[in-house]
Amino acid sequence: MMPMKRLLIGCAAMLAVLSATAENDLASYVDPFIGTTNFSVCNPGAVVPHGMMSVVPFNVMGSDLNQFDKDARWWSAPYEYNNKFITGFAHGTLSGVGCPEMGSLLTMPTSGPLDVDYRHYGSEYSDEKAQPGYYSVMLKKYGIGCEMTATTRTAAERYTFAGGESHILVNIGDGLTNEVGGMVRRVSDTEIEGFRLLGTFCYNSQAVFPVYFVMKVNRAPKSSGYWKKQPPMTGTEAQWDPDNGKYKLYTRYGRELAGNEIGYYFSYDLQKGEQVEVQTAISFVSIDNARLNLQKEQPRFCFDDIKAAARQTWNRQLGVITVDGGTNQQRRMFYTALYHTQLHPNVVQDVNGEYPMMESSQTGHLAGKAKNRYTVFSLWDTYRNVHQLLTLLYPDSQLDMVRSMIDMYREWGWMPKWELYGRETWTMEGDPSIPVITDTWLKGLRDFDIETAYEAFRHSATAPSKDNKMRPDIDGYLQKGYVPMGDYAADLSGDNSVSHALEYYIADHSLSLLAASLGKKADAKRFREQSLGYKHYYSKEYGTLRPRLADGSFMTPFNPKDGADFSNAPGFHEGSAWNYTFYVPHDVLGLARLMGGQKAFVNKLQKVFDEGLYDPANEPDIAYPYLFCYFKGEEWRTQRLTGQLIAKYFSDKPDGIPGNDDCGTMSAWLVFTMMGFYPDCPGSPYYCITTPVFDKVTLHLNPDYYPGGDIVIDRQSATPSDVLIDRMTLGGKPLKTYRISHEQLIKNKTLTINTKKS
C-alpha cells in the first residue's frame with residue numbers, strides 16, 4: 001500500500017494541474033436542480049465545463065413510485081426532480097435535449113443479499129445536494145451515502161456504507177439510450193473495462209457509436225463476478241435451465257462477457273462508516289484511451305481534491321461575468337443559466353488527442369491550433385444565441401467549436417446539423433452551421449479556415465435535392481422561392497415545408513453577409529435574394545405565413561393556431577403559424593410592409609403575447625420580444641415584455657425553465673436578457689437593447705481577442721420596478737437607437753441605461 005503522505009502529495013499535484021484559485025465563489029449561486037422538471041430535462045449531476053464525463057443520478061426506471069419512467073413513456077433525461085426511486089448513477093449524459101440518449105454505465109451501491117435486478121435493488125432517497133461539479137444523496141433502503149464529482153473525462157464516486165454485506169453494482173445493460181449491447185472484462189480484482197453501444201438518437205437507427213470505459217475501486221472486494229439476464233424459454237428447454245428468464249450470476253467466470261442486459265458486481269464485508277471509492281474513465285475511441293484518460297486525470301484516489309478542483313474550475317468559468325445589485329434569487333437564476341450554457345458542446349478527444357472522426361470508423365488526432373475537438377452540436381437550437389454568447393465570453397472555446405465543425409466537413413463532406421459523437425442525427429431542419437460560423441467571423445474571430453467553410457456553405461445552398469443531405473427539399477426552394485408541401489417528408493415529424501424554408505432563408509441571409517465580407521459580390525446578391533422568399537408564404541387572408549402547394553395555391557383548410565403545444569400541423573415543425581410568422585429576423589421591416597406597415601406589424605406582434613400565442617418552450621419565437629426594437633417609439637414594449645416573461649416563465653426553482661433547455665438555448669436567452677441585450681438575428685452581428693435586471697453587469701472579456709478590456713452595462717434606476725428606458729449613453733455619448741453592433745459594444749465599453757417610472 002502506498003504511504004498516505006505520498007498519496008496526498010500525488011493528489012495535491014493533480015489538483016494544481018486541474019485548477020487554480022478562484023477569486024469569487026460564484027458557483028455558490030448555481031443551483032443544478034433548476035430545470036430538472038417541467039420537461040426542461042436538465043440534471044443535477046457532477047460535471048465540469050464542456051466535460052466528456054458527467055456522473056448523474058438515474059431515477060427514471062424501475063418503480064411505480066416514479067412519475068416519469070423511461071419504459072412507460074417518451075422520456076429524454078436520466079433524472080426527473082419529482083421521481084422517487086434511484087437505480088444508479090449514469091456516466092456520460094446529455095442535458096436539455098429532446099430525445100433519449102446516453103445515460104448508461106450505471107453504478108449502484110447496495111447492501112444485504114446480492115440482487116442484480118434493478119427493480120429490486122433500486123432505492124428511495126433523501127438529502128439530495130448539488131453544486132457545480134458535485135452531487136450527493138442518501139439511499140433510504142440501505143443507509144448508504146453517495147457522492148459524485150468529475151474531471152473532464154473521468155468520474156470519482158465515494159460511497160459510505162452502513163455496514164455488513166455490501167456491494168457496488170455496475171449495470172452495463174440498462175440506461176437511457178434506446179440502443180442495446182455491451183461488453184465487460186475483469187482486468188484485476190479492483191478493475192474492469194468494457195464498452196456500451198449507444199445511439200439511435202431521435203429515430204436515426206444507424207447513428208450508433210460505442211462508449212468505452214475503465215472502472216476501478218479503491219479496495220479489493222471479498223468476491224466479484226458478472227451477471228447477464230437469460231432469455232425466457234418454454235417447454236423442455238426451460239426445464240433444463242434454472243436461470244430461465246432470470247438474471248444469472250457468473251461467479252466462476254473471469255473473461256469478457258457480452259450481451260444486452262449484463263453487469264458486474266464487487267461485494268464486501270464492511271463496518272459502519274467504511275467507504276469505497278470508484279473511478280470511472282470513458283473514451284469514444286478505445287478502452288486503452290479510457291485507461292490513459294484515467295491515468296492522466298485521476299492517477300490517485302483523492303475524491304475531495306477532485307471535488308475542490310471541479311468547483312474552482314466552475315468559478316473560473318462563471319467569473320467571466322460579475323454583477324452588482326439584484327436579488328439573491330435573480331443571481332441564482334442568472335448564474336445557473338450561465339452554468340447550463342457551459343455543459344454542451346463537449347470535449348470529445350482523449351488526453352492523447354484522439355477522437356472519433358465524423359461518420360467514419362477511423363480515428364482522428366487533434367492538430368493545428370485547436371485545443372479541443374468538440375461534439376454534441378444541437379445547432380437548430382444553439383445557433384440562435386448560445387454560440388453568440390460563447391463568441392463574446394468564451395472566444396477560445398467558440399473558435400475550437402468552429403474548427404471542429406469545419407473538420408467534420410473535411411471528414412465527410414457536410415457541416416453538422418445535429419451531430420452526436422461523430423454521427424449526424426439529422427434532427428430538426430435548416431442549415432444552422434452557416435449563421436454560427438458567419439456570426440463568429442463577422443464579430444472578428446477569424447483564426448480558422450473560412451474558405452473551406454464557405455465552400456461547404458455554398459455547396460449545401462446550391463446542390464440539387466438528390467445530392468443534398470443538408471437541404472433535401474431544395475429544388476422547389478431554388479425554382480419557386482419556397483418549399484412546396486410534400487417535397488420532403490422523410491423524417492417522422494410530417495410535412496414541415498414552411499419551417500424548412502424559413503431556416504434556409506436565415507441561412508442564406510447569413511451566407512450573403514459572409515459572401516459580402518469575403519468580396520464575393522455575386523454570391524452576396526444571390527443569397528440575399530434567396531433569403532427574401534419568405535414572402536411567398538404570407539397570406540393576407542390570415543395575416544400569417546401559410547403552407548403552399550407546388551401549384552402556388554395555399555393549403556386549405558388552414559388554422560394558424562394548429563400546431564400549438566407541439567401538436568402536429570402541416571407545414572410547421574413543433575409550432576403553429578403564429579410561432580413562425582415573425583421568424584424573419586433578417587428582414588423585419590420587409591415583413592412589416594407585407595403586413596401593412598409598422599402599426600399593423602406591432603399590433604399583430606403584441607397580439608401574440610396578449611392572446612397567449614407565444615411559446616417560450618421552443619426556439620422559433622424566442623426572439624419575438626425583441627422585434628419591437630426595430631420601430632421607433634415601440635421599443636418600450638421589449639423592455640416591459642422581457643421583464644414580464646422572466647417573471648412568468650423563469651425562476652430559481654426546479655421548474656424554473658419553460659420547457660426543454662435544448663443544450664442551453666433557453667438558459668442563454670435568460671443570460672442575455674438579464675444582462676440587457678440580445679442577438680435578435682442569427683448570423684448578424686447586432687444586439688437589441690432591453691432593460692437589464694442588475695444595477696451593473698461587467699463582462700470580463702478575454703484580452704487576447706478583445707484588447708479593449710471589460711464591458712460594463714450600468715443601469716441607473718430609482719427603483720427596481722422602473723423598467724422603461726428613459727435615456728442611454730454608449731461610451732459616454734448619447735445613444736438613440738435600441739440596436740447596436742457588436743463592434744460598437746466592444747469599442748465603447750460602457751453602456752449606461754437610465755430608466756424612468758413605469
# chains A, B, ... in the order shown; residues from 1 in each chain; ligands from 1

$ residues_around --residues "Ile746 (chain A)" --least-positions-apart "6" --cutoff "8 Å" --atoms "only C-alpha atoms" --output "tab-separated table (two decimals) with C-alpha atoms, in the first residue's frame"
chain	number	residue	atom	x	y	z
A	706	TYR	CA	-10.90	41.85	-27.07
A	708	GLY	CA	-10.24	46.91	-25.13
A	711	ILE	CA	-17.57	45.87	-20.92

$ select_by_dssp --residues "region 359-486 of chain A" --states "strand (DSSP E or B)" --output "list in words"
Thr363, Gly364, His365, Tyr374, Thr375, Phe377, Ser378, Trp418, Glu419, Leu420, Arg423 and Glu424 of chain A

$ closest_atom_pairs --of "region 74-185 of chain A" --to "region 304-315 of chain A" --cutoff "9 Å" --atoms "only C-alpha atoms" --output "JSON lines"
{"residue": "A:Gln131", "atom": "CA", "partner": "A:Arg311", "partner_atom": "CA", "distance": 8.1}
{"residue": "A:Pro132", "atom": "CA", "partner": "A:Arg311", "partner_atom": "CA", "distance": 6.0}
{"residue": "A:Gly133", "atom": "CA", "partner": "A:Ala310", "partner_atom": "CA", "distance": 5.1}
{"residue": "A:Tyr134", "atom": "CA", "partner": "A:Lys307", "partner_atom": "CA", "distance": 6.4}
{"residue": "A:Met148", "atom": "CA", "partner": "A:Lys307", "partner_atom": "CA", "distance": 8.2}
{"residue": "A:Thr149", "atom": "CA", "partner": "A:Lys307", "partner_atom": "CA", "distance": 5.5}
{"residue": "A:Ala150", "atom": "CA", "partner": "A:Ala310", "partner_atom": "CA", "distance": 6.8}
{"residue": "A:Thr151", "atom": "CA", "partner": "A:Ala310", "partner_atom": "CA", "distance": 6.7}
{"residue": "A:Ala156", "atom": "CA", "partner": "A:Ile306", "partner_atom": "CA", "distance": 7.7}

$ residues_around --residues "Pro620 (chain A)" --least-positions-apart "6" --cutoff "7 Å" --atoms "only C-alpha atoms" --output "list in words"
Asn579, Tyr580 and Tyr583 of chain A

$ write_last_selection --atoms "N, CA, C and O atoms" --output "JSON list (two decimals), in the first residue's frame"
[["chain", "number", "residue", "atom", "x", "y", "z"],
["A", 579, "ASN", "N", -46.24, 30.88, -34.15],
["A", 579, "ASN", "CA", -44.88, 30.71, -33.63],
["A", 579, "ASN", "C", -43.82, 30.95, -34.69],
["A", 579, "ASN", "O", -42.65, 31.18, -34.36],
["A", 580, "TYR", "N", -44.21, 30.88, -35.96],
["A", 580, "TYR", "CA", -43.24, 31.01, -37.06],
["A", 580, "TYR", "C", -43.40, 32.28, -37.89],
["A", 580, "TYR", "O", -42.46, 32.68, -38.58],
["A", 583, "TYR", "N", -40.80, 34.84, -37.66],
["A", 583, "TYR", "CA", -39.42, 34.35, -37.68],
["A", 583, "TYR", "C", -38.76, 34.68, -39.02],
["A", 583, "TYR", "O", -38.38, 33.80, -39.79]]

$ closest_atom_pairs --of "region 265-291 of chain A" --to "region 187-210 of chain A" --cutoff "9 Å" --atoms "only C-alpha atoms" --output "Markdown table"
| residue | atom | partner | partner_atom | distance |
| --- | --- | --- | --- | --- |
| A:Phe266 | CA | A:Thr190 | CA | 8.3 |
| A:Ile282 | CA | A:Phe195 | CA | 8.9 |
| A:Ser283 | CA | A:Pro210 | CA | 8.7 |
| A:Phe284 | CA | A:Pro210 | CA | 6.2 |
| A:Val285 | CA | A:Pro210 | CA | 8.0 |
| A:Ser286 | CA | A:Phe195 | CA | 8.6 |
| A:Ile287 | CA | A:Gly194 | CA | 6.7 |
| A:Ala290 | CA | A:Glu193 | CA | 8.9 |
| A:Arg291 | CA | A:Glu193 | CA | 8.7 |

$ write_last_selection --atoms "C-alpha atoms" --output "PDB file, in the first residue's frame"
ATOM      1  CA  PHE A 266     -17.991  -6.061  -6.326  1.00  0.00           C
ATOM      2  CA  ILE A 282     -14.631   6.965 -20.637  1.00  0.00           C
ATOM      3  CA  SER A 283     -13.464   7.330 -24.218  1.00  0.00           C
ATOM      4  CA  PHE A 284     -15.219   7.285 -27.566  1.00  0.00           C
ATOM      5  CA  VAL A 285     -12.135   5.804 -29.244  1.00  0.00           C
ATOM      6  CA  SER A 286     -10.923   2.778 -27.264  1.00  0.00           C
ATOM      7  CA  ILE A 287     -10.549   1.055 -23.911  1.00  0.00           C
ATOM      8  CA  ALA A 290     -10.131   5.370 -21.460  1.00  0.00           C
ATOM      9  CA  ARG A 291      -7.312   3.981 -19.304  1.00  0.00           C
TER      10      ARG A 291
END

$ residues_around --residues "Glu424 (chain A)" --least-positions-apart "5" --cutoff "8 Å" --atoms "only C-alpha atoms" --output "ChimeraX atom specification"
/A:207,358-359,416-419

$ closest_residue --among "A:Arg471, A:Arg252, A:Lys466, A:Lys480" --to "Gly552 (chain A)" --atoms "only C-alpha atoms"
A:Lys480

$ residues_around --residues "Asn352 (chain A)" --least-positions-apart "6" --cutoff "12 Å" --atoms "only C-alpha atoms" --output "list in words"
Ser283, Val285, Ser286, Asp288, Asn289, Ala290, Arg291, Leu292, Asn293, Leu294, Gln295, Lys296, Glu297, Thr363, Gly364, His365, Leu366, Ala367, Lys371, Asn372 and Arg373 of chain A

$ residues_around --residues "region 556-566 of chain A" --least-positions-apart "6" --cutoff "9 Å" --atoms "only C-alpha atoms" --output "ChimeraX atom specification"
/A:542,544-547,572-579,613,615,617-618

$ select_by_dssp --residues "region 90-200 of chain A" --states "alpha helix (DSSP H)" --output "list in words"
Tyr118, Arg119, His120 and Tyr121 of chain A

$ write_last_selection --atoms "N, CA, C and O atoms" --output "compact mmCIF listing (two decimals), in the first residue's frame"
# COMPACT_ATOMS: atom_id res chain seq x y z
N TYR A 118 -32.59 -4.42 -11.18
CA TYR A 118 -32.73 -3.01 -10.79
C TYR A 118 -34.11 -2.71 -10.21
O TYR A 118 -34.26 -1.75 -9.45
N ARG A 119 -35.09 -3.50 -10.55
CA ARG A 119 -36.43 -3.29 -9.97
C ARG A 119 -36.43 -3.61 -8.49
O ARG A 119 -37.28 -3.13 -7.74
N HIS A 120 -35.47 -4.44 -8.07
CA HIS A 120 -35.35 -4.81 -6.67
C HIS A 120 -34.30 -3.97 -5.95
O HIS A 120 -34.50 -3.55 -4.80
N TYR A 121 -33.15 -3.74 -6.58
CA TYR A 121 -32.07 -3.08 -5.86
C TYR A 121 -32.19 -1.56 -5.82
O TYR A 121 -31.49 -0.90 -5.05

$ atom_distance --atom1 "CA of Ile725 (chain A)" --atom2 "CA of Leu393 (chain A)"
25.6 Å

$ closest_residue --among "A:Tyr268, A:Tyr79, A:Phe68, A:Tyr394" --to "Pro109 (chain A)" --atoms "only C-alpha atoms"
A:Tyr268

$ residues_around --residues "Ile713 (chain A)" --least-positions-apart "4" --cutoff "8 Å" --atoms "only C-alpha atoms" --output "PDB file with N, CA and C atoms, in the first residue's frame"
ATOM      1  N   MET A 675     -28.846  40.487 -18.765  1.00  0.00           N
ATOM      2  CA  MET A 675     -27.750  41.449 -18.948  1.00  0.00           C
ATOM      3  C   MET A 675     -28.213  42.711 -19.664  1.00  0.00           C
ATOM      4  N   GLY A 676     -29.306  42.620 -20.441  1.00  0.00           N
ATOM      5  CA  GLY A 676     -29.848  43.816 -21.069  1.00  0.00           C
ATOM      6  C   GLY A 676     -29.615  43.939 -22.554  1.00  0.00           C
ATOM      7  N   PRO A 692     -31.663  45.911 -18.300  1.00  0.00           N
ATOM      8  CA  PRO A 692     -31.007  44.832 -17.544  1.00  0.00           C
ATOM      9  C   PRO A 692     -31.653  44.646 -16.183  1.00  0.00           C
ATOM     10  N   LYS A 696     -25.487  46.635 -12.263  1.00  0.00           N
ATOM     11  CA  LYS A 696     -24.248  46.704 -13.040  1.00  0.00           C
ATOM     12  C   LYS A 696     -23.858  45.299 -13.468  1.00  0.00           C
ATOM     13  N   VAL A 697     -23.536  45.156 -14.734  1.00  0.00           N
ATOM     14  CA  VAL A 697     -23.051  43.891 -15.279  1.00  0.00           C
ATOM     15  C   VAL A 697     -21.683  44.165 -15.893  1.00  0.00           C
ATOM     16  N   THR A 698     -20.672  43.411 -15.473  1.00  0.00           N
ATOM     17  CA  THR A 698     -19.332  43.581 -16.022  1.00  0.00           C
ATOM     18  C   THR A 698     -18.928  42.305 -16.743  1.00  0.00           C
ATOM     19  N   THR A 750     -18.758  50.950 -22.298  1.00  0.00           N
ATOM     20  CA  THR A 750     -19.724  51.218 -21.231  1.00  0.00           C
ATOM     21  C   THR A 750     -21.061  51.626 -21.815  1.00  0.00           C
ATOM     22  N   LEU A 751     -22.087  50.847 -21.491  1.00  0.00           N
ATOM     23  CA  LEU A 751     -23.464  51.164 -21.869  1.00  0.00           C
ATOM     24  C   LEU A 751     -24.211  51.544 -20.600  1.00  0.00           C
ATOM     25  N   THR A 752     -24.646  52.789 -20.533  1.00  0.00           N
ATOM     26  CA  THR A 752     -25.375  53.278 -19.363  1.00  0.00           C
ATOM     27  C   THR A 752     -26.841  53.446 -19.723  1.00  0.00           C
ATOM     28  N   ILE A 753     -27.710  52.854 -18.917  1.00  0.00           N
ATOM     29  CA  ILE A 753     -29.141  52.861 -19.170  1.00  0.00           C
ATOM     30  C   ILE A 753     -29.846  53.517 -17.987  1.00  0.00           C
TER      31      ILE A 753
END

$ closest_residue --among "A:Phe39, A:Tyr504, A:Trp636, A:Tyr409" --to "Tyr534 (chain A)" --atoms "only C-alpha atoms"
A:Tyr504

$ closest_residue --among "A:Ala668, A:Ile474, A:Ala647, A:Val56" --to "Leu390 (chain A)" --atoms "only C-alpha atoms"
A:Ala668
